[in-house]
Every structure is written in structure tokens, then in C-alpha cells.
2 protein chains.
Amino acid sequence: MVSTRRIGVASSETRAQLVEAAAELVRNEGWAAVTARRLTEKLGLKRQIVHYYFRTIEDLLIAVIRRDGENLRARIMQGMESDEPLRVIWEMSRRAPKSAILEFTALAAHRKAVQIEVKRYMEEIRRFQTQALTRHLERRGIKPAVPPAVMLIGIMSISQTLAVEAMLDVSEGHSEMVAFVEEMLRALAREAKVPALGAKPERKRPKVR
Amino acid sequence: MVSTRRIGVASSETRAQLVEAAAELVRNEGWAAVTARRLTEKLGLKRQIVHYYFRTIEDLLIAVIRRDGENLRARIMQGMESDEPLRVIWEMSRRAPKSAILEFTALAAHRKAVQIEVKRYMEEIRRFQTQALTRHLERRGIKPAVPPAVMLIGIMSISQTLAVEAMLDVSEGHSEMVAFVEEMLRALAREAKVPALGAKPERKRPKVR
DNA sequence: GTCTATAATCAGATAGAC
DNA sequence: GTCTATCTGATTATAGAC
């Protein structure tokens, strides 16, 4: 028995709205809040439309991961152009309190299809960051004591941990940790030899969105 | 209209079995898999018994957090007696692939009662660890370049990140990071002045369960 | 493309019998 | 302490009308 079920095209405007609404629900209430009913009552549609555009709810969640993943990658690629790429990473994770990353990571532990998508974006971003940081250090003539990957994973781990703990209202040791990282970032910036004229002692901190 | 609903005592054996079964479900399939049906079919009971022991399913999840929290605290308090408490922390987080911490942390972002419980245990453990590490450093005559809280949060952040990424099958940069941390731990151990006779150059690594 | 209609489960929760 | 019975509402998903 072959199913007669139709599936809407990926370019649909309604489909995009569903993904957008789902992304918002994940951020505010978690992946478990993403149901056909909750989604469509935000858009003023009947709930069966969800099953027209997505074979399963999991397919919809994966569309959200792709959307968020593309956005994150774009923001990071832009951020790595900065004068202090490590500081950008440091500040980007810290300012993502209502992030969907925690949601999807937890979900990935139990759903294979989700794990594959999350892995894909994490690897892509990690690889890009490592290359960008390596290039940055070479260009500035900085010879760090530790490999770029260590700086990267270190900064990212710590900033994400601080963000998650802040969400939980746990802050013991945070001020010391922040002071330490900030000092490290400053020390690294001081090491940078100015590439061209050699007469710009203070550099402005890059903006992070 | 006053409810006539009864609630079973906390000392009940069946209640303990329900909490145990729920803890297992959380570890293997996530908090969303904890339903009265799934629980009782493991125990050969009718599903209404769950509502006899727990007012709501959330109450049951909180009982699981307390159980896991007590266990974790006990293991950590024991581990901090070690010769190398930082190494114990490092290895404990790394070997917890199917941890419930990720589940409960994600859930805490959206459920106040869960957030309060998770916060409680995290703060308690953090405080104990900080004190234990501070004492340890003083006793060994180690004067570290950074505050104990920074070492603690740093090691914990990195080990948890590596564990989560390993679960996702992401491993880029892990070997460099592991090598770096291991070297740091070795350097710290070397700094330790032997307290009494001063003739034990190599120390065995502590076992972690 | 969106709707109505419907199937088939599953969920949490409560009352009351034994 | 555990059961039967029941309420009430949720869920994903499919088929077919318009």
C-alpha cells in the first residue's frame, strides 16, 4: 500500500513561517513545546498544515537546527574577521542565555538524526575557527604557548559553562574566572605585533552582536 | 471542594523503585521518556500507582534529581580526598557519557522547580570543591598562578565539553586539549612538596569510579 | 495550499473499591 | 498499597474535499 500523502515544497513561505515559529518555541520553552497545535495557533492556521510540510515533527526540528546552524555559522565567520577573534568567541557564547544549543545537544543524545545534524555544524564551525585563529596568530607574529585548538576549545568551554550556570543562577567563582580570561585575552592582544606601520598601541574592542 | 487524594509515604519501597526506574529512563532516553506508563511497565504495576506516590510527574523528576544529586555529591566528596583532586574532577566528568546532568540542565531552563534543585546541588558541590582544593594547595605548599576557583571551573568546563562533544561524535582538537590538560595536571603534581619525609618522587594516579 | 474529518494513541490526573 | 474506572485533553499522522 503506497501512501498518497503529499509534502509541500521547501521554498514555501508558510513552511518558513513554521520553522521560524518552531525556532522561537525551542528557545523559549524547549523542543518538547514544539507541537503542531502550538505552532499553528501562533500563525492562525489549522494544525494539519504542519504535517503537509513536514513528514514528522522530528523533520521540523531538524529544519530548525539547519536554520539556526546556518545563522550561527554566518555570525561566527563574520566574527573571526575581527582583530581579536578569541574575544569574539568568548563574548558570543556568554551573551547567548536563551540559546537553543543546549536544547538540541540534549536532544541529540537520544535521537540519531538530530545528533548527525548537530555534529555537522559543530565540526564545520570548529574547523573554520581553528583555521581562522591559526591564520590570525601567524599574521600577527604571535607564538602562543599552546596550540590554537586548545585556546579555542578552552575559551568556548568556559564561556558556555558560565552562560549555562548564569541561566541556573549559579555564579560562585564566576568573577574570578572572568577576570582570568579577560587578562589572558589582553595579554594575547599585547603580543600582537602591529602588521604595518607599528604605531597603534591601543586597539578598540570588537563589537559582538 | 477539597481533594480527597492520598499521597504515599516517602519511605516506601515501591516509591524508591519508581525513582530508580525514572533515573534510568532519564539516562537512556531523556526526561521526556518518563511517563507513568513507561515506568510501571518496567515494574509490573498499574500506571495509576505513579500518581499515588507523586502529585505530578515533575515531582517525580525532582525526586530523581535529588537522588542523582546526593550520589554525585558523595562521589565528589570522596574524590576530593585524593592526592590529585583536580585530576579526579577531570576524569570524573569525562567518563560520564550517559549523564543525566545534560538532561536536567536543559529542563531547568524552562521549569522553575527543576532549576532550583539543580542550582542547589551545583552550588553545594562547587563550594565544597573550592574549599577542598584550597586546603589541598595550602597543605602541599603549592602557590598556583591562578585562584582555585579558576582551576576548578576551567577543568570542569573543559572535561564536560569534551564529554558532550564525544557523545556527539565530535573530536576535532580533543587530543591537543587532553594533552594540554594532562601536562598541566602533571606540572601541578610536581609542584607539590612532599609533606613528611620528602622522598616519594612519583605518585600513583588516583582511581576514579 | 489549506481545509474538514478522523484514526489511533498517549498523556496526566482523580475518585473510589478492595 | 494497589487496583478499576473514568475524565479530559493532548499528541502524531493520514485521507480526501475544496
# chains A, B, ... in the order shown; residues from 1 in each chain; ligands from 1
$ residues_around --residues "Arg87 in chain B" --least-positions-apart "5" --cutoff "12 Å" --atoms "only C-alpha atoms (C1' of nucleotides)" --output "compact mmCIF listing (two decimals) with all heavy atoms, in the first residue's frame"
# COMPACT_ATOMS: atom_id res chain seq x y z
N ILE B 76 31.89 12.92 44.79
CA ILE B 76 32.85 14.02 44.71
C ILE B 76 33.53 14.26 46.04
O ILE B 76 34.74 14.48 46.10
CB ILE B 76 32.13 15.29 44.20
CG1 ILE B 76 31.90 15.16 42.69
CG2 ILE B 76 32.96 16.54 44.50
CD1 ILE B 76 31.21 16.33 42.06
N GLY B 79 36.12 11.81 46.24
CA GLY B 79 37.19 12.07 45.28
C GLY B 79 38.12 13.20 45.70
O GLY B 79 39.31 13.20 45.37
N MET B 80 37.58 14.16 46.42
CA MET B 80 38.40 15.31 46.79
C MET B 80 39.40 14.98 47.89
O MET B 80 40.26 15.81 48.22
CB MET B 80 37.50 16.48 47.21
CG MET B 80 36.64 17.03 46.07
SD MET B 80 37.55 17.59 44.61
CE MET B 80 38.12 19.20 45.15
N GLU B 81 39.29 13.79 48.46
CA GLU B 81 40.28 13.35 49.44
C GLU B 81 41.56 12.90 48.75
O GLU B 81 42.56 12.61 49.40
CB GLU B 81 39.73 12.16 50.24
CG GLU B 81 38.43 12.44 50.97
CD GLU B 81 38.63 13.47 52.07
OE1 GLU B 81 39.72 13.49 52.66
OE2 GLU B 81 37.70 14.27 52.30
N SER B 82 41.49 12.79 47.43
CA SER B 82 42.61 12.23 46.66
C SER B 82 43.86 13.09 46.73
O SER B 82 43.84 14.24 47.18
CB SER B 82 42.17 12.09 45.20
OG SER B 82 43.25 12.28 44.33
N MET B 92 36.40 12.37 36.29
CA MET B 92 35.00 12.03 36.61
C MET B 92 34.03 12.54 35.54
O MET B 92 33.15 11.81 35.09
CB MET B 92 34.61 12.61 37.97
CG MET B 92 34.62 11.57 39.07
SD MET B 92 34.15 12.24 40.67
CE MET B 92 32.41 12.57 40.44
N SER B 93 34.19 13.79 35.13
CA SER B 93 33.28 14.33 34.12
C SER B 93 33.48 13.65 32.78
O SER B 93 32.53 13.42 32.05
CB SER B 93 33.51 15.84 33.94
OG SER B 93 33.61 16.47 35.18
N ARG B 94 34.72 13.32 32.48
CA ARG B 94 34.99 12.75 31.16
C ARG B 94 34.37 11.38 30.99
O ARG B 94 34.03 10.97 29.89
CB ARG B 94 36.49 12.66 30.93
CG ARG B 94 37.13 14.02 30.78
CD ARG B 94 38.48 13.89 30.15
NE ARG B 94 38.40 13.43 28.79
CZ ARG B 94 39.34 12.74 28.18
NH1 ARG B 94 40.43 12.40 28.81
NH2 ARG B 94 39.19 12.36 26.93
N LEU B 133 39.95 22.11 47.43
CA LEU B 133 41.13 22.39 46.59
C LEU B 133 42.03 23.42 47.27
O LEU B 133 43.27 23.29 47.26
CB LEU B 133 40.68 22.89 45.22
CG LEU B 133 41.82 23.19 44.23
CD1 LEU B 133 42.66 21.94 43.99
CD2 LEU B 133 41.29 23.73 42.91
N MET B 151 40.92 27.30 38.47
CA MET B 151 41.36 25.95 38.11
C MET B 151 40.15 25.01 38.05
O MET B 151 40.00 24.21 37.13
CB MET B 151 42.35 25.44 39.15
CG MET B 151 43.55 26.35 39.36
SD MET B 151 44.53 25.85 40.80
CE MET B 151 45.60 24.64 40.05
N LEU B 152 39.31 25.14 39.03
CA LEU B 152 38.15 24.27 39.18
C LEU B 152 37.18 24.42 38.01
O LEU B 152 36.84 23.45 37.33
CB LEU B 152 37.43 24.68 40.47
CG LEU B 152 36.80 23.62 41.32
CD1 LEU B 152 37.75 22.50 41.60
CD2 LEU B 152 36.32 24.26 42.62
N ILE B 155 38.86 23.32 34.61
CA ILE B 155 38.95 21.87 34.42
C ILE B 155 37.57 21.27 34.18
O ILE B 155 37.36 20.45 33.28
CB ILE B 155 39.58 21.21 35.67
CG1 ILE B 155 41.08 21.44 35.69
CG2 ILE B 155 39.27 19.72 35.72
CD1 ILE B 155 41.85 20.52 34.78
N MET B 156 36.61 21.70 34.97
CA MET B 156 35.27 21.14 34.86
C MET B 156 34.63 21.49 33.52
O MET B 156 34.05 20.64 32.86
CB MET B 156 34.41 21.68 36.00
CG MET B 156 33.13 20.95 36.20
SD MET B 156 31.91 22.06 36.92
CE MET B 156 31.78 23.34 35.66
N SER B 159 36.37 19.42 30.70
CA SER B 159 36.08 17.98 30.71
C SER B 159 34.64 17.71 30.31
O SER B 159 34.34 16.77 29.57
CB SER B 159 36.40 17.36 32.06
OG SER B 159 35.64 17.94 33.08
N VAL B 178 43.41 17.36 25.47
CA VAL B 178 43.70 16.37 26.51
C VAL B 178 45.18 16.43 26.89
O VAL B 178 45.53 16.43 28.08
CB VAL B 178 43.32 14.95 26.03
CG1 VAL B 178 43.86 13.89 26.99
CG2 VAL B 178 41.80 14.83 25.90
N VAL B 181 45.84 19.50 29.11
CA VAL B 181 45.35 19.39 30.49
C VAL B 181 46.19 18.38 31.28
O VAL B 181 46.56 18.63 32.43
CB VAL B 181 43.86 18.98 30.51
CG1 VAL B 181 43.40 18.69 31.93
CG2 VAL B 181 43.00 20.08 29.90
N GLU B 182 46.51 17.28 30.64
CA GLU B 182 47.31 16.27 31.33
C GLU B 182 48.66 16.86 31.75
O GLU B 182 49.15 16.61 32.85
CB GLU B 182 47.52 15.04 30.42
CG GLU B 182 46.25 14.27 30.10
CD GLU B 182 45.86 13.29 31.20
OE1 GLU B 182 46.56 13.21 32.21
OE2 GLU B 182 44.82 12.59 31.03
N GLU B 183 49.25 17.63 30.85
CA GLU B 183 50.54 18.26 31.17
C GLU B 183 50.39 19.23 32.34
O GLU B 183 51.23 19.28 33.24
CB GLU B 183 51.08 18.98 29.92
CG GLU B 183 52.38 19.74 30.13
CD GLU B 183 53.45 18.90 30.81
OE1 GLU B 183 53.53 17.69 30.50
OE2 GLU B 183 54.19 19.44 31.67
N MET B 184 49.29 19.97 32.33
CA MET B 184 49.04 20.91 33.42
C MET B 184 48.90 20.19 34.76
O MET B 184 49.42 20.62 35.78
CB MET B 184 47.75 21.66 33.14
CG MET B 184 47.91 23.14 32.92
SD MET B 184 46.28 23.90 33.04
CE MET B 184 45.64 23.16 34.56
N LEU B 185 48.17 19.08 34.72
CA LEU B 185 47.96 18.32 35.96
C LEU B 185 49.29 17.75 36.47
O LEU B 185 49.56 17.76 37.67
CB LEU B 185 46.95 17.19 35.71
CG LEU B 185 45.50 17.63 35.48
CD1 LEU B 185 44.63 16.44 35.09
CD2 LEU B 185 44.94 18.30 36.73
N ARG B 186 50.11 17.29 35.52
CA ARG B 186 51.42 16.75 35.92
C ARG B 186 52.29 17.85 36.53
O ARG B 186 52.94 17.65 37.56
CB ARG B 186 52.13 16.14 34.71
CG ARG B 186 51.75 14.68 34.46
CD ARG B 186 52.72 14.03 33.48
NE ARG B 186 52.68 14.66 32.17
CZ ARG B 186 51.84 14.32 31.20
NH1 ARG B 186 50.97 13.34 31.38
NH2 ARG B 186 51.85 14.95 30.04
N ALA B 187 52.29 19.01 35.90
CA ALA B 187 53.09 20.12 36.41
C ALA B 187 52.65 20.50 37.82
O ALA B 187 53.48 20.75 38.70
CB ALA B 187 52.96 21.33 35.48
N LEU B 188 51.36 20.49 38.04
CA LEU B 188 50.83 20.84 39.35
C LEU B 188 51.26 19.81 40.39
O LEU B 188 51.63 20.16 41.53
CB LEU B 188 49.31 20.92 39.29
CG LEU B 188 48.66 21.69 40.43
CD1 LEU B 188 48.93 23.18 40.26
CD2 LEU B 188 47.17 21.43 40.49
N ALA B 189 51.22 18.54 40.00
CA ALA B 189 51.61 17.48 40.94
C ALA B 189 53.10 17.61 41.28
O ALA B 189 53.52 17.36 42.42
CB ALA B 189 51.32 16.12 40.32
N LYS B 204 51.26 7.61 42.48
CA LYS B 204 50.29 6.89 41.64
C LYS B 204 49.08 7.76 41.34
O LYS B 204 48.64 8.53 42.17
CB LYS B 204 49.84 5.62 42.35
CG LYS B 204 50.62 4.40 41.94
CD LYS B 204 49.88 3.14 42.35
CE LYS B 204 50.77 1.92 42.14
NZ LYS B 204 50.38 0.83 43.05
N ARG B 205 48.54 7.58 40.15
CA ARG B 205 47.31 8.30 39.84
C ARG B 205 46.14 7.71 40.59
O ARG B 205 46.03 6.50 40.71
CB ARG B 205 47.02 8.22 38.33
CG ARG B 205 48.09 8.94 37.55
CD ARG B 205 47.67 9.10 36.14
NE ARG B 205 48.82 9.59 35.36
CZ ARG B 205 48.84 9.59 34.05
NH1 ARG B 205 47.80 9.15 33.37
NH2 ARG B 205 49.89 10.05 33.40
N PRO B 206 45.29 8.56 41.07
CA PRO B 206 44.15 8.05 41.83
C PRO B 206 43.15 7.34 40.91
O PRO B 206 43.01 7.68 39.74
CB PRO B 206 43.54 9.33 42.41
CG PRO B 206 43.95 10.40 41.46
CD PRO B 206 45.28 10.01 40.89
N LYS B 207 42.49 6.39 41.50
CA LYS B 207 41.44 5.70 40.73
C LYS B 207 40.15 6.50 40.79
O LYS B 207 39.81 7.07 41.81
CB LYS B 207 41.20 4.31 41.32
CG LYS B 207 42.28 3.32 40.98
CD LYS B 207 41.69 1.92 40.85
CE LYS B 207 42.78 0.91 40.51
NZ LYS B 207 43.42 0.35 41.71
N VAL B 208 39.46 6.48 39.69
CA VAL B 208 38.17 7.19 39.63
C VAL B 208 37.10 6.18 39.22
O VAL B 208 37.29 5.42 38.29
CB VAL B 208 38.22 8.33 38.60
CG1 VAL B 208 36.88 9.02 38.52
CG2 VAL B 208 39.30 9.32 38.98
$ closest_atom_pairs --of "chain B" --to "chain A" --cutoff "8 Å" --atoms "only C-alpha atoms" --output "tab-separated table"
residue	atom	partner	partner_atom	distance
B:Asn28	CA	A:His110	CA	7.5
B:Glu29	CA	A:His110	CA	5.7
B:Gly30	CA	A:His110	CA	6.9
B:Ala32	CA	A:Ala32	CA	7.8
B:Leu102	CA	A:Ala106	CA	6.0
B:Glu103	CA	A:Ala106	CA	5.9
B:Thr105	CA	A:Leu168	CA	8.0
B:Ala106	CA	A:Glu103	CA	5.9
B:Leu107	CA	A:Gly30	CA	7.9
B:Ala108	CA	A:Leu168	CA	7.2
B:Ala109	CA	A:Met167	CA	6.9
B:His110	CA	A:Glu29	CA	5.7
B:Gln115	CA	A:Leu168	CA	5.9
B:Ile116	CA	A:Leu168	CA	7.7
B:Val118	CA	A:Leu168	CA	7.5
B:Lys119	CA	A:Leu168	CA	5.8
B:Met122	CA	A:Val170	CA	7.4
B:Glu123	CA	A:Val170	CA	6.5
B:Arg126	CA	A:Glu172	CA	7.3
B:Arg127	CA	A:Glu172	CA	7.5
B:Val146	CA	A:Phe180	CA	7.7
B:Pro147	CA	A:Glu176	CA	7.3
B:Ala149	CA	A:Gly173	CA	5.3
B:Val150	CA	A:Met177	CA	5.1
B:Ile153	CA	A:Met177	CA	7.5
B:Gly154	CA	A:Ile158	CA	6.3
B:Ser157	CA	A:Ser157	CA	5.4
B:Ile158	CA	A:Ser157	CA	5.5
B:Thr161	CA	A:Ser157	CA	5.9
B:Met167	CA	A:Ala109	CA	6.9
B:Leu168	CA	A:Lys119	CA	5.8
B:Asp169	CA	A:Lys119	CA	6.8
B:Val170	CA	A:Lys119	CA	6.1
B:Glu172	CA	A:Glu123	CA	7.1
B:Gly173	CA	A:Ala149	CA	5.2
B:Glu176	CA	A:Val150	CA	6.3
B:Met177	CA	A:Val150	CA	5.1
B:Phe180	CA	A:Val150	CA	7.4
$ atom_distance --atom1 "CA of Leu43 in chain A" --atom2 "C1' of DT2 in chain C"
13.0 Å
$ select_by_dssp --residues "range 29-200 of chain B" --states "helix (DSSP H, G or I)" --output "ChimeraX atom specification"
/B:29,31-33,36-43,48-53,57-79,85-94,101-108,112-140,148-167,174-191
$ interface_residues --of "chain A" --to "chain D" --cutoff "10 Å" --atoms "only C-alpha atoms (C1' of nucleotides)" --output "list in words"
Ser3, Thr4, Arg5, Thr35, Ala36, Arg37, Gln48, His51, Arg55, Thr56 and Ile57 of chain A
$ closest_atom_pairs --of "chain C" --to "chain A" --cutoff "12 Å" --atoms "only C-alpha atoms (C1' of nucleotides)" --output "CSV"
residue,atom,partner,partner_atom,distance
C:DG1,C1',A:Gly8,CA,8.4
C:DT2,C1',A:Ile49,CA,7.0
C:DC3,C1',A:Lys46,CA,7.7
C:DT4,C1',A:Gln48,CA,10.1
C:DA5,C1',A:Gln48,CA,11.1
$ atom_distance --atom1 "CA of Val9 in chain A" --atom2 "CA of Arg75 in chain A"
27.4 Å
$ atom_distance --atom1 "CA of Asp59 in chain A" --atom2 "CA of Ala96 in chain B"
29.2 Å
